[in-house]
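Text of entry_26.txt, listed as compact mmCIF, C-alpha atoms:
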```
# COMPACT_ATOMS: atom_id res chain seq x y z
CA MET A 1 -146.83 37.96 124.92
CA LYS A 2 -146.08 34.37 124.05
CA PRO A 3 -144.88 32.39 127.09
CA ASP A 4 -141.22 31.37 127.16
CA ILE A 5 -140.90 27.57 127.22
CA SER A 6 -137.12 27.55 127.49
CA THR A 7 -135.85 26.19 130.78
CA GLU A 8 -132.75 25.84 132.91
CA VAL A 9 -131.64 22.66 134.63
CA GLY A 10 -129.03 24.26 136.84
CA THR A 11 -126.51 25.68 134.40
CA ILE A 12 -127.89 23.62 131.50
CA LYS A 13 -130.02 25.90 129.35
CA ILE A 14 -132.40 24.33 126.84
CA GLU A 15 -134.91 25.93 124.47
CA ARG A 16 -137.70 23.43 125.14
CA PRO A 17 -138.55 21.43 128.28
CA ALA A 18 -138.89 17.90 126.81
CA MET A 19 -135.79 15.92 125.89
CA LEU A 20 -135.19 12.45 124.51
CA ALA A 21 -134.58 9.92 127.30
CA SER A 22 -131.53 7.68 127.23
CA GLY A 23 -131.83 4.30 125.54
CA ILE A 24 -134.29 5.42 122.88
CA LEU A 25 -133.01 6.17 119.36
CA GLY A 26 -129.83 7.51 120.89
CA ILE A 27 -127.16 6.22 118.55
CA SER A 28 -126.69 8.45 115.52
CA LEU A 29 -126.10 12.15 114.89
CA ASP A 30 -128.64 12.21 112.03
CA VAL A 31 -131.38 11.03 114.37
CA PHE A 32 -130.34 13.54 117.05
CA ASP A 33 -130.51 16.32 114.49
CA ARG A 34 -133.97 15.22 113.39
CA LEU A 35 -135.28 15.04 116.98
CA TYR A 36 -133.90 18.47 117.78
CA LYS A 37 -135.46 20.00 114.65
CA ASP A 38 -138.74 18.33 115.52
CA GLY A 39 -138.89 19.95 118.94
CA ALA A 40 -136.79 18.05 121.47
CA GLY A 41 -135.05 20.41 123.90
CA ALA A 42 -132.06 18.07 124.06
CA VAL A 43 -131.22 14.46 123.32
CA VAL A 44 -129.71 12.01 125.77
CA THR A 45 -127.63 9.30 124.12
CA LYS A 46 -127.96 5.60 124.72
CA SER A 47 -125.71 4.72 127.67
CA LEU A 48 -122.12 4.28 126.56
CA SER A 49 -119.58 2.01 128.14
CA LYS A 50 -115.78 1.99 127.93
CA GLU A 51 -115.82 -0.85 125.40
CA PRO A 52 -118.55 -1.93 122.96
CA TRP A 53 -121.26 -4.10 124.52
CA GLU A 54 -123.32 -6.60 122.61
CA GLY A 55 -126.34 -6.66 124.90
CA TYR A 56 -128.71 -9.58 125.45
CA PRO A 57 -130.31 -11.95 122.93
CA ASN A 58 -133.91 -11.17 121.95
CA PRO A 59 -136.62 -10.86 123.12
CA THR A 60 -135.25 -7.66 124.67
CA VAL A 61 -138.40 -5.54 124.53
CA VAL A 62 -141.96 -6.67 125.15
CA GLY A 63 -145.15 -4.65 125.28
CA VAL A 64 -147.34 -4.96 128.37
CA LYS A 65 -150.74 -3.37 128.94
CA THR A 66 -149.41 -0.20 130.51
CA GLY A 67 -146.08 0.30 128.79
CA TYR A 68 -142.98 -1.59 127.81
CA LEU A 69 -140.67 -4.00 129.50
CA ASN A 70 -137.07 -4.09 128.35
CA ALA A 71 -133.79 -5.76 129.11
CA VAL A 72 -131.65 -4.71 126.18
CA GLY A 73 -128.43 -5.15 128.13
CA LEU A 74 -126.96 -1.72 127.41
CA SER A 75 -125.84 -2.70 123.91
CA ASN A 76 -123.72 0.15 122.55
CA PRO A 77 -120.73 0.77 120.28
CA GLY A 78 -118.48 2.01 123.13
CA ALA A 79 -117.58 5.58 124.09
CA PRO A 80 -114.49 6.03 121.84
CA TYR A 81 -116.38 5.06 118.66
CA PHE A 82 -119.39 7.11 119.66
CA ALA A 83 -117.33 10.22 120.46
CA LYS A 84 -115.86 10.09 116.95
CA MET A 85 -119.29 9.66 115.44
CA ILE A 86 -120.72 12.79 117.06
CA SER A 87 -117.49 14.81 116.76
CA LEU A 88 -118.97 16.86 113.91
CA ASN A 89 -121.86 18.04 116.03
CA LYS A 90 -122.36 21.78 115.92
CA THR A 91 -125.97 22.51 116.73
CA VAL A 92 -127.66 19.69 118.64
CA PRO A 93 -127.81 19.87 122.46
CA ILE A 94 -126.50 16.40 123.31
CA ILE A 95 -126.28 14.93 126.80
CA VAL A 96 -124.00 11.90 126.84
CA SER A 97 -125.16 9.02 129.03
CA LEU A 98 -122.36 6.97 130.58
CA VAL A 99 -122.41 3.60 132.30
CA GLY A 100 -119.57 1.87 134.12
CA SER A 101 -118.49 0.00 137.24
CA ILE A 102 -115.61 2.05 138.63
CA PRO A 103 -114.51 5.72 138.57
CA GLU A 104 -111.72 4.91 136.08
CA ASP A 105 -114.28 3.74 133.49
CA PHE A 106 -116.00 7.11 133.63
CA VAL A 107 -112.79 9.14 133.59
CA PHE A 108 -111.62 7.22 130.52
CA MET A 109 -114.90 7.90 128.73
CA ILE A 110 -114.93 11.62 129.55
CA LYS A 111 -111.49 11.93 127.95
CA GLN A 112 -113.01 10.72 124.66
CA PHE A 113 -115.48 13.61 124.60
CA GLU A 114 -113.05 16.40 125.52
CA ASN A 115 -113.20 18.01 122.09
CA VAL A 116 -116.82 17.21 121.27
CA LYS A 117 -119.59 19.78 121.61
CA ILE A 118 -121.96 18.40 124.26
CA LEU A 119 -124.27 19.90 126.88
CA GLY A 120 -123.40 17.58 129.71
CA TYR A 121 -123.13 14.02 131.00
CA GLU A 122 -125.82 11.84 132.52
CA LEU A 123 -124.41 9.09 134.75
CA ASN A 124 -126.54 5.96 134.50
CA LEU A 125 -126.64 4.86 138.15
CA SER A 126 -129.91 3.03 137.68
CA CYS A 127 -130.12 0.59 134.77
CA PRO A 128 -132.11 -2.25 136.39
CA HIS A 129 -130.98 -5.23 134.33
CA VAL A 130 -127.19 -5.37 133.93
CA GLU A 131 -124.85 -6.75 136.61
CA LYS A 132 -122.07 -4.64 138.17
CA VAL A 133 -123.32 -1.36 136.64
CA GLY A 134 -126.43 0.82 136.81
CA LEU A 135 -128.54 0.13 139.89
CA GLU A 136 -125.84 -2.02 141.44
CA VAL A 137 -123.65 1.07 141.40
CA GLY A 138 -126.52 3.32 142.50
CA ASP A 139 -127.16 1.02 145.46
CA ASP A 140 -123.54 1.41 146.64
CA PRO A 141 -123.14 4.82 148.38
CA GLU A 142 -119.34 4.68 148.52
CA LEU A 143 -119.11 3.93 144.79
CA VAL A 144 -121.60 6.68 143.89
CA HIS A 145 -119.47 9.13 145.88
CA LYS A 146 -116.24 8.07 144.17
CA ILE A 147 -117.70 8.07 140.66
CA VAL A 148 -119.43 11.46 140.95
CA LYS A 149 -116.31 13.01 142.55
CA SER A 150 -113.97 11.80 139.82
CA VAL A 151 -116.35 12.67 136.99
CA LYS A 152 -116.87 16.15 138.42
CA SER A 153 -113.12 16.71 138.74
CA GLN A 154 -112.58 15.82 135.06
CA SER A 155 -115.65 17.13 133.29
CA GLN A 156 -115.82 20.57 131.68
CA VAL A 157 -119.62 20.32 131.35
CA PRO A 158 -122.40 19.76 133.91
CA VAL A 159 -122.93 16.26 135.31
CA ILE A 160 -126.36 14.75 135.95
CA ALA A 161 -126.97 11.57 137.95
CA LYS A 162 -129.86 9.36 136.81
CA VAL A 163 -131.33 7.49 139.75
CA GLY A 164 -133.85 4.69 140.00
CA LEU A 165 -135.59 2.41 142.44
CA GLY A 166 -133.09 -0.25 143.48
CA SER A 167 -132.70 -2.23 146.66
CA SER A 168 -131.51 0.72 148.74
CA ASP A 169 -133.25 4.02 149.46
CA TYR A 170 -132.97 6.07 146.27
CA LEU A 171 -133.05 9.29 148.33
CA GLU A 172 -129.80 8.17 149.93
CA THR A 173 -128.25 7.84 146.45
CA VAL A 174 -129.52 11.34 145.63
CA ARG A 175 -128.09 12.72 148.87
CA ILE A 176 -124.64 11.26 148.20
CA ALA A 177 -124.66 12.38 144.57
CA CYS A 178 -125.57 15.92 145.71
CA GLU A 179 -122.88 15.96 148.40
CA SER A 180 -120.35 14.72 145.85
CA GLY A 181 -121.07 17.73 143.67
CA VAL A 182 -123.49 16.54 140.99
CA ASP A 183 -125.21 19.36 139.06
CA ALA A 184 -128.64 17.77 138.58
CA ILE A 185 -130.67 14.60 139.07
CA THR A 186 -132.72 12.65 136.52
CA ALA A 187 -135.48 10.61 138.19
CA ILE A 188 -136.39 7.86 137.51
CA ASN A 189 -135.12 4.97 135.43
CA THR A 190 -137.34 2.00 134.51
CA VAL A 191 -138.64 -0.11 137.40
CA ARG A 192 -137.64 -3.79 137.77
CA ALA A 193 -140.40 -5.94 136.36
CA MET A 194 -141.11 -9.10 134.38
CA ALA A 195 -143.60 -10.84 132.13
CA ILE A 196 -144.20 -14.58 131.72
CA ASP A 197 -145.78 -16.23 128.70
CA VAL A 198 -148.69 -18.31 129.94
CA GLU A 199 -148.74 -20.77 127.04
CA THR A 200 -145.08 -21.80 127.40
CA THR A 201 -144.60 -20.88 131.12
CA ARG A 202 -141.42 -19.00 130.13
CA PRO A 203 -140.27 -15.52 131.11
CA ILE A 204 -140.51 -13.59 127.83
CA LEU A 205 -137.36 -11.45 128.12
CA SER A 206 -134.18 -13.44 127.54
CA HIS A 207 -132.80 -11.76 130.66
CA LYS A 208 -136.04 -12.70 132.48
CA ILE A 209 -136.16 -9.51 134.55
CA GLY A 210 -136.16 -6.11 132.88
CA GLY A 211 -137.27 -2.54 133.42
CA LEU A 212 -140.85 -1.25 133.10
CA SER A 213 -141.45 2.07 131.34
CA GLY A 214 -144.51 3.94 130.12
CA PRO A 215 -147.74 5.14 131.75
CA ALA A 216 -147.60 2.54 134.54
CA ILE A 217 -144.59 4.16 136.20
CA LYS A 218 -145.58 7.81 135.79
CA PRO A 219 -147.24 8.24 139.20
CA ILE A 220 -144.21 6.59 140.84
CA ALA A 221 -141.85 8.93 139.00
CA VAL A 222 -143.92 12.00 139.90
CA ARG A 223 -143.75 10.95 143.57
CA CYS A 224 -139.95 10.56 143.37
CA VAL A 225 -139.47 13.98 141.74
CA TYR A 226 -141.71 15.48 144.41
CA GLU A 227 -139.73 13.81 147.22
CA ILE A 228 -136.33 14.78 145.81
CA SER A 229 -137.48 18.31 145.23
CA SER A 230 -138.86 18.53 148.79
CA LYS A 231 -135.66 17.24 150.42
CA PHE A 232 -132.83 18.62 148.28
CA ASP A 233 -131.90 21.87 146.62
CA ILE A 234 -130.97 20.33 143.27
CA PRO A 235 -132.32 20.77 139.72
CA ILE A 236 -134.35 17.75 138.58
CA ILE A 237 -135.22 16.21 135.22
CA GLY A 238 -138.40 14.14 135.46
CA CYS A 239 -138.56 10.85 133.56
CA GLY A 240 -141.10 8.03 133.50
CA GLY A 241 -144.24 7.66 131.39
CA VAL A 242 -144.42 11.21 130.00
CA SER A 243 -146.56 11.10 126.87
CA SER A 244 -148.50 14.38 126.85
CA TRP A 245 -148.13 18.04 127.82
CA GLU A 246 -150.26 17.35 130.90
CA ASP A 247 -147.80 14.66 132.01
CA ALA A 248 -144.88 17.02 131.45
CA THR A 249 -146.62 19.80 133.38
CA GLU A 250 -147.37 17.43 136.26
CA PHE A 251 -143.64 16.64 136.56
CA ILE A 252 -142.81 20.36 136.50
CA PHE A 253 -145.29 21.05 139.30
CA ALA A 254 -143.72 18.19 141.30
CA GLY A 255 -140.35 19.91 141.01
CA ALA A 256 -138.80 19.05 137.64
CA SER A 257 -137.23 21.76 135.48
CA ALA A 258 -137.42 19.53 132.39
CA VAL A 259 -138.66 16.08 131.40
CA GLN A 260 -137.45 13.15 129.32
CA ILE A 261 -139.49 11.09 126.88
CA GLY A 262 -138.98 7.46 125.93
CA SER A 263 -141.84 4.99 125.50
CA ALA A 264 -144.25 7.62 124.13
CA LEU A 265 -142.12 7.78 120.98
CA VAL A 266 -143.33 4.29 120.04
CA ASP A 267 -146.90 5.50 119.48
CA LYS A 268 -146.49 9.20 118.86
CA TRP A 269 -143.10 9.21 117.17
CA VAL A 270 -141.25 12.54 117.13
CA GLY A 271 -144.52 14.49 117.03
CA VAL A 272 -144.70 14.02 120.78
CA PHE A 273 -142.16 16.83 121.28
CA SER A 274 -144.00 19.54 119.35
CA GLU A 275 -147.28 18.35 120.91
CA ILE A 276 -145.81 18.87 124.39
CA ASN A 277 -144.19 22.20 123.48
CA SER A 278 -147.37 23.73 122.11
CA GLY A 279 -149.54 22.21 124.85
CA ILE A 280 -147.37 23.70 127.60
CA SER A 281 -147.19 27.02 125.81
CA LYS A 282 -150.99 27.27 125.53
CA TYR A 283 -151.43 26.22 129.15
CA MET A 284 -148.93 28.86 130.32
CA GLU A 285 -150.72 31.52 128.34
CA LYS A 286 -154.08 30.52 129.81
CA LYS A 287 -152.74 30.41 133.36
CA ASN A 288 -150.56 33.51 133.06
CA PHE A 289 -147.20 31.86 133.51
CA SER A 290 -144.46 33.62 131.57
CA LYS A 291 -141.56 31.25 132.34
CA ILE A 292 -141.23 27.53 133.17
CA LYS A 293 -139.31 28.53 136.30
CA GLU A 294 -142.49 29.99 137.81
CA MET A 295 -144.12 26.56 137.57
CA VAL A 296 -141.35 24.36 138.96
CA GLY A 297 -142.37 22.67 142.21
CA ILE A 298 -145.48 24.76 142.86
CA ALA A 299 -147.44 21.67 143.95
CA LYS A 300 -145.25 21.66 147.08
CA LYS A 301 -146.97 24.69 148.57
CA PHE A 302 -150.10 22.66 149.36
CA MET B 1 -159.22 -12.16 122.55
CA GLN B 2 -157.52 -8.87 121.70
CA ARG B 3 -154.03 -9.66 120.50
CA ASN B 4 -151.10 -7.77 122.00
CA SER B 5 -149.03 -7.00 118.93
CA ASP B 6 -146.02 -6.06 121.08
CA ALA B 7 -145.76 -9.46 122.79
CA PRO B 8 -145.28 -12.90 121.20
CA THR B 9 -148.25 -15.13 120.40
CA ILE B 10 -147.38 -18.83 120.63
CA VAL B 11 -148.12 -20.97 117.58
CA LYS B 12 -147.47 -24.63 116.79
CA ILE B 13 -145.53 -25.70 113.73
CA GLU B 14 -147.84 -27.92 111.69
CA LYS B 15 -145.86 -28.82 108.62
CA ILE B 16 -142.25 -28.67 107.49
CA ILE B 17 -141.28 -28.50 103.84
CA ASP B 18 -137.68 -29.26 102.85
CA GLU B 19 -136.87 -26.73 100.15
CA THR B 20 -133.16 -27.57 99.73
CA PRO B 21 -130.60 -29.42 101.89
CA THR B 22 -130.20 -26.20 103.97
CA VAL B 23 -133.57 -24.46 103.65
CA ARG B 24 -136.93 -25.34 105.17
CA THR B 25 -140.36 -23.77 105.23
CA LEU B 26 -142.27 -24.03 108.53
CA VAL B 27 -146.05 -23.77 108.24
CA PHE B 28 -148.33 -22.78 111.12
CA SER B 29 -151.83 -21.42 111.75
CA ASP B 30 -152.15 -17.72 112.51
CA GLU B 31 -154.97 -15.58 111.25
CA VAL B 32 -153.09 -12.26 111.59
CA LEU B 33 -149.91 -13.36 109.83
CA SER B 34 -151.83 -15.23 107.11
CA ASN B 35 -153.06 -11.84 105.93
CA VAL B 36 -149.86 -9.80 105.88
CA LEU B 37 -148.73 -7.86 102.84
CA PRO B 38 -145.73 -9.00 100.81
CA GLY B 39 -142.53 -7.61 102.29
CA GLN B 40 -143.83 -7.40 105.84
CA PHE B 41 -142.04 -9.33 108.55
CA ALA B 42 -142.65 -10.82 111.97
CA MET B 43 -140.39 -11.29 114.98
CA VAL B 44 -140.01 -15.02 115.53
CA TRP B 45 -139.25 -16.18 119.05
CA ILE B 46 -137.18 -19.34 119.09
CA LEU B 47 -137.86 -20.27 122.70
CA GLY B 48 -134.88 -19.91 124.99
CA ILE B 49 -132.57 -18.95 122.12
CA ASN B 50 -133.34 -15.64 120.44
CA GLU B 51 -135.93 -13.75 118.46
CA LEU B 52 -135.34 -13.12 114.74
CA PRO B 53 -136.96 -10.88 112.14
CA MET B 54 -138.36 -13.14 109.38
CA SER B 55 -140.23 -12.28 106.22
CA VAL B 56 -143.69 -13.86 106.31
CA MET B 57 -144.16 -16.53 103.66
CA ILE B 58 -147.16 -17.37 101.55
CA SER B 59 -149.39 -20.30 102.25
CA GLN B 60 -152.21 -21.27 99.91
CA GLU B 61 -154.36 -22.47 102.81
CA LYS B 62 -156.60 -20.01 104.59
CA GLY B 63 -155.47 -18.99 108.06
CA LYS B 64 -151.94 -20.37 107.59
CA ALA B 65 -148.64 -18.58 107.38
CA ALA B 66 -145.06 -19.77 107.07
CA PHE B 67 -141.41 -18.83 107.47
CA THR B 68 -138.67 -19.98 105.16
CA VAL B 69 -135.34 -20.29 106.96
CA ARG B 70 -131.82 -21.25 105.98
CA LYS B 71 -129.69 -22.81 108.72
CA HIS B 72 -126.82 -20.42 109.23
CA GLY B 73 -126.21 -18.99 112.70
CA ILE B 74 -127.21 -20.29 116.13
CA ALA B 75 -130.79 -19.04 116.09
CA SER B 76 -131.62 -19.83 112.45
CA THR B 77 -130.19 -23.34 112.85
CA GLU B 78 -132.40 -23.86 115.93
CA LEU B 79 -135.42 -22.64 114.00
CA TYR B 80 -134.53 -24.87 111.05
CA SER B 81 -134.22 -27.88 113.37
CA LEU B 82 -137.68 -27.55 114.96
CA LYS B 83 -140.13 -30.38 114.33
CA ALA B 84 -143.84 -30.43 113.60
CA GLY B 85 -145.73 -30.00 116.86
CA GLU B 86 -143.10 -27.73 118.44
CA GLN B 87 -143.84 -24.13 119.39
CA ILE B 88 -142.53 -20.73 118.35
CA GLY B 89 -143.65 -17.22 119.29
CA VAL B 90 -144.64 -14.68 116.65
CA ARG B 91 -145.35 -10.96 116.83
CA GLY B 92 -146.05 -8.46 114.14
CA PRO B 93 -146.47 -7.82 111.29
CA TYR B 94 -143.94 -5.02 111.04
CA GLY B 95 -142.64 -3.06 108.06
CA ASN B 96 -144.09 -1.94 104.75
CA SER B 97 -145.02 -3.43 101.43
CA PHE B 98 -144.45 -2.82 97.70
CA THR B 99 -146.16 -0.43 95.33
CA ILE B 100 -147.19 -2.29 92.20
CA LYS B 101 -146.95 -0.15 89.07
CA GLN B 102 -148.39 -0.68 85.59
CA GLY B 103 -146.32 -2.43 82.95
CA LYS B 104 -143.96 -5.37 82.83
CA ILE B 105 -142.82 -6.63 86.23
CA LEU B 106 -139.36 -8.05 86.88
CA LEU B 107 -138.70 -9.72 90.23
CA VAL B 108 -135.09 -10.54 91.09
CA GLY B 109 -134.08 -12.35 94.26
CA GLY B 110 -131.96 -15.10 95.72
CA GLY B 111 -132.26 -17.65 98.49
CA THR B 112 -134.54 -16.88 101.41
CA GLY B 113 -134.56 -13.28 100.18
CA LEU B 114 -137.14 -14.50 97.67
CA VAL B 115 -139.79 -14.87 100.35
CA PRO B 116 -141.37 -11.41 100.00
CA LEU B 117 -141.24 -11.68 96.21
CA ILE B 118 -142.99 -15.05 96.17
CA ARG B 119 -145.66 -13.57 98.39
CA LEU B 120 -145.85 -10.57 96.06
CA LEU B 121 -146.52 -12.96 93.16
CA THR B 122 -149.81 -13.98 94.74
CA PHE B 123 -150.89 -10.34 94.82
CA LEU B 124 -150.35 -9.87 91.08
CA LYS B 125 -153.00 -10.51 88.45
CA LYS B 126 -152.80 -13.63 86.31
CA THR B 127 -152.71 -11.33 83.31
CA ASP B 128 -149.66 -9.33 84.49
CA ASP B 129 -146.47 -9.82 82.51
CA VAL B 130 -144.12 -11.05 85.24
CA THR B 131 -140.58 -12.38 85.01
CA LEU B 132 -139.02 -13.95 88.12
CA LEU B 133 -135.25 -14.39 88.22
CA ILE B 134 -133.93 -16.67 90.96
CA GLY B 135 -130.28 -16.45 91.93
CA SER B 136 -128.60 -19.45 93.53
CA LYS B 137 -125.08 -20.71 94.28
CA THR B 138 -125.71 -24.30 93.17
CA LYS B 139 -128.49 -26.24 91.48
CA ASN B 140 -129.22 -28.01 94.77
CA GLU B 141 -130.01 -24.68 96.38
CA VAL B 142 -132.66 -23.58 93.88
CA PHE B 143 -136.09 -23.45 95.47
CA PHE B 144 -139.46 -21.74 95.02
CA GLU B 145 -139.14 -22.35 91.26
CA LYS B 146 -142.48 -24.19 91.39
CA ASN B 147 -144.18 -21.22 93.05
CA GLY B 148 -142.88 -19.06 90.24
CA LYS B 149 -144.30 -21.38 87.58
CA SER B 150 -147.66 -21.97 89.20
CA ASN B 151 -148.28 -18.27 89.53
CA SER B 152 -147.16 -17.28 86.08
```

Any chance you could put this one into structure tokens?
Amino acid sequence: MKPDISTEVGTIKIERPAMLASGILGISLDVFDRLYKDGAGAVVTKSLSKEPWEGYPNPTVVGVKTGYLNAVGLSNPGAPYFAKMISLNKTVPIIVSLVGSIPEDFVFMIKQFENVKILGYELNLSCPHVEKVGLEVGDDPELVHKIVKSVKSQSQVPVIAKVGLGSSDYLETVRIACESGVDAITAINTVRAMAIDVETTRPILSHKIGGLSGPAIKPIAVRCVYEISSKFDIPIIGCGGVSSWEDATEFIFAGASAVQIGSALVDKWVGVFSEINSGISKYMEKKNFSKIKEMVGIAKKF
Amino acid sequence: MQRNSDAPTIVKIEKIIDETPTVRTLVFSDEVLSNVLPGQFAMVWILGINELPMSVMISQEKGKAAFTVRKHGIASTELYSLKAGEQIGVRGPYGNSFTIKQGKILLVGGGTGLVPLIRLLTFLKKTDDVTLLIGSKTKNEVFFEKNGKSNS
């Protein structure tokens, strides 16, 4: 019998284990539809704010040897506009990523999506390059508590918190998010990093410091998923440098029920999803796994 | 050295050609960009200001490439105002090119939008039947007409 590659992240059920990570291609329904048809289990939107944000001047993305460095500045058309744009969605499993500074921002945004078909929300508590949101929120336990509590009280769909490596202990952020009632955790966001042009002596990104993604951060992300999974009873979505079925499987063994893909799309384009789906399926068949669930966190037994 | 196509390479502007009162062509040496196909573009880093997508311009000299820019917004005005000897960053090329079909060829363009078409001209055979139509708001703003003639 063919193995079943569908998976459950808490109450979120998806047909395939790899989804599009936030910040990549996440701004139009046509693209979401295409990604879903090409094998993504779900798509996470670019982070939306209460009002439209312009983002930073270029350069906002720069390639480094082991991945990409970006400080885009959370440019987005704002939640109200975006909610209208995806209001015709019928088939695509969409997770809406939200970014804000205070609970009221999030509550306002959730109102916009009340009549839109979505799978859930992902709270961006970890963007490493924009002031007063993202990691600065994630690093503030009291604020994390208030935001998760108010989002949970308003949302009709599951709520995921995306955490990253800020200046405080990320496990503390996870603990507070869990205690405040979050349904799942995405780990991790990009890691604060920078690149300087030797010829001109200038930082390349206009924001100077950005977030590192790609293969360089994969072992860090695997460690974080493993730690979260060892300490908390919470569904996890692994994110950071996944570009092959082996990478995805590694995250699952560390404790993730699903993974997200970003940087790998640059080289492999949407084919990366079907490649991962068939790779995992073949591996499961070979190793006699019938469901993803049987694989989640099994590296912890050693 | 292996070039990282996802990060800027710094080049020095060698020559500036005034095309019209508001348009200039900046010439620089870069082996990779000197060989791009017509229609392809590069990201041009105007240091400390912004990075803009610019169509890569023809240069008759080997190993040279150029950008043709009209001063308009903040970044394009900064690029326009650079002097010979100053630096910019370039990365690319990105994008696709044209398919040239048999028969008569009509090229229609205006302003700096002509750049890929002028480059395309150099890829056509001397024997091709080519007509180039240049659109312009005023006589002062007509440029590249010499390129059109010399290639026809």

Name all residues at most 7 Å from region 6-8 of chain B (count all atoms listed in the file; drop same-chain ones fewer than 4 positions away) and give them as a count of residues only. 5

Could you work out which residues of chain A fall inside 12 Å of chain B? Count only C-alpha atoms, and format the result as a ChimeraX atom specification. /A:56-70,195-208,266-267

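When the distance limit is 7 Å and only C-alpha atoms are what count, the residues near Glu122 (chain A), minus those fewer than 6 positions from it on the same chain, are A:Ile95, A:Val96, A:Ser97, A:Leu98, A:Val159, A:Ile160, A:Ala161, A:Lys162.
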
d(CA of Lys104 (chain B), CA of Leu117 (chain B)) in Å: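 Between these atoms lies a distance of 15.0 Å.
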
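What separates CA of Ser29 (chain B) from CA of His72 (chain B) is a distance of 25.2 Å.
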
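Taking CA of Ala71 (chain A) and CA of Gly55 (chain A) as the two end points, the separation is 8.6 Å.
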
Axis-aligned box over every listed atom of region 62-79 of chain B, padded by 6 Å per side: centre and edges in Å to one decimal, as lines of an AutoDock Vina configuration file?
```
center_x = -141.4
center_y = -21.2
center_z = 110.4
size_x = 42.4
size_y = 17.3
size_z = 23.5
```

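Distances here use all atoms listed in the file; by that measure, the residue among A:Arg192, A:Lys149, A:Lys301, A:Arg16 closest to Ser281 (chain A) is A:Arg16.
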
Sphere at (-136.6, 6.0, 122.4), radius 9 Å, counting all atoms listed in the file: residues as JSON, numbers by chain: {"A": [20, 21, 22, 23, 24, 25, 26, 46, 261, 262, 263, 264, 265, 266, 269]}

Create the file for the chosen residues now, containing C-alpha atoms and written as a PDB file, keeping the file's coordinate frame.
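Saved to out_1.pdb:
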```
ATOM      1  CA  LEU A  20    -135.190  12.450 124.510  1.00  0.00           C
ATOM      2  CA  ALA A  21    -134.580   9.920 127.300  1.00  0.00           C
ATOM      3  CA  SER A  22    -131.530   7.680 127.230  1.00  0.00           C
ATOM      4  CA  GLY A  23    -131.830   4.300 125.540  1.00  0.00           C
ATOM      5  CA  ILE A  24    -134.290   5.420 122.880  1.00  0.00           C
ATOM      6  CA  LEU A  25    -133.010   6.170 119.360  1.00  0.00           C
ATOM      7  CA  GLY A  26    -129.830   7.510 120.890  1.00  0.00           C
ATOM      8  CA  LYS A  46    -127.960   5.600 124.720  1.00  0.00           C
ATOM      9  CA  ILE A 261    -139.490  11.090 126.880  1.00  0.00           C
ATOM     10  CA  GLY A 262    -138.980   7.460 125.930  1.00  0.00           C
ATOM     11  CA  SER A 263    -141.840   4.990 125.500  1.00  0.00           C
ATOM     12  CA  ALA A 264    -144.250   7.620 124.130  1.00  0.00           C
ATOM     13  CA  LEU A 265    -142.120   7.780 120.980  1.00  0.00           C
ATOM     14  CA  VAL A 266    -143.330   4.290 120.040  1.00  0.00           C
ATOM     15  CA  TRP A 269    -143.100   9.210 117.170  1.00  0.00           C
TER      16      TRP A 269
END
```

Can you pull out every residue within 8 Å of Asp183 (chain A), counting all atoms listed in the file, but drop anything in the same chain fewer than 4 positions away, and send it as an NGL selection string? :A and (10-11 or 158-160 or 178 or 234-235)

What's the 6 Å shell around Gly63 (chain B), counting all atoms listed in the file, without same-chain residues fewer than 2 positions away, as a PyMOL selection string? chain B and resi 29-31+34

Write the residues you've just listed into a file as a short mmCIF file (atom, residue, chain, number, x, y, z; two decimals), in the frame of the given file, and include C-alpha atoms for each of them.
```
data_model
loop_
_atom_site.label_atom_id
_atom_site.label_comp_id
_atom_site.auth_asym_id
_atom_site.auth_seq_id
_atom_site.Cartn_x
_atom_site.Cartn_y
_atom_site.Cartn_z
CA SER B 29 -151.83 -21.42 111.75
CA ASP B 30 -152.15 -17.72 112.51
CA GLU B 31 -154.97 -15.58 111.25
CA SER B 34 -151.83 -15.23 107.11
#
```

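Excluding region 213-226 of chain A and any residue on its chain fewer than 3 positions from it, the residues at most 7 Å away by only C-alpha atoms are Thr66, Gly67, Tyr68, Leu69, Ala187, Ile188, Thr190, Ser229, Ser230, Gly238, Cys239, Gly240, Gly241, Val242, Phe251, Ala254, Gly255, Ala256 and Ser263 of chain A.
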
Mind writing the picked residues with C-alpha atoms as a CSV table (one decimal), in the frame of the given file?
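What ended up in out_35.csv:
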```
chain,number,residue,atom,x,y,z
A,66,THR,CA,-149.4,-0.2,130.5
A,67,GLY,CA,-146.1,0.3,128.8
A,68,TYR,CA,-143.0,-1.6,127.8
A,69,LEU,CA,-140.7,-4.0,129.5
A,187,ALA,CA,-135.5,10.6,138.2
A,188,ILE,CA,-136.4,7.9,137.5
A,190,THR,CA,-137.3,2.0,134.5
A,229,SER,CA,-137.5,18.3,145.2
A,230,SER,CA,-138.9,18.5,148.8
A,238,GLY,CA,-138.4,14.1,135.5
A,239,CYS,CA,-138.6,10.8,133.6
A,240,GLY,CA,-141.1,8.0,133.5
A,241,GLY,CA,-144.2,7.7,131.4
A,242,VAL,CA,-144.4,11.2,130.0
A,251,PHE,CA,-143.6,16.6,136.6
A,254,ALA,CA,-143.7,18.2,141.3
A,255,GLY,CA,-140.4,19.9,141.0
A,256,ALA,CA,-138.8,19.0,137.6
A,263,SER,CA,-141.8,5.0,125.5
```

Hey, which of B:Asn147, B:Thr131, B:Ser55, B:Thr138 ends up closest to Asn96 (chain B)? Count all atoms listed in the file.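 Among the listed residues, B:Ser55 lies closest to Asn96 (chain B).
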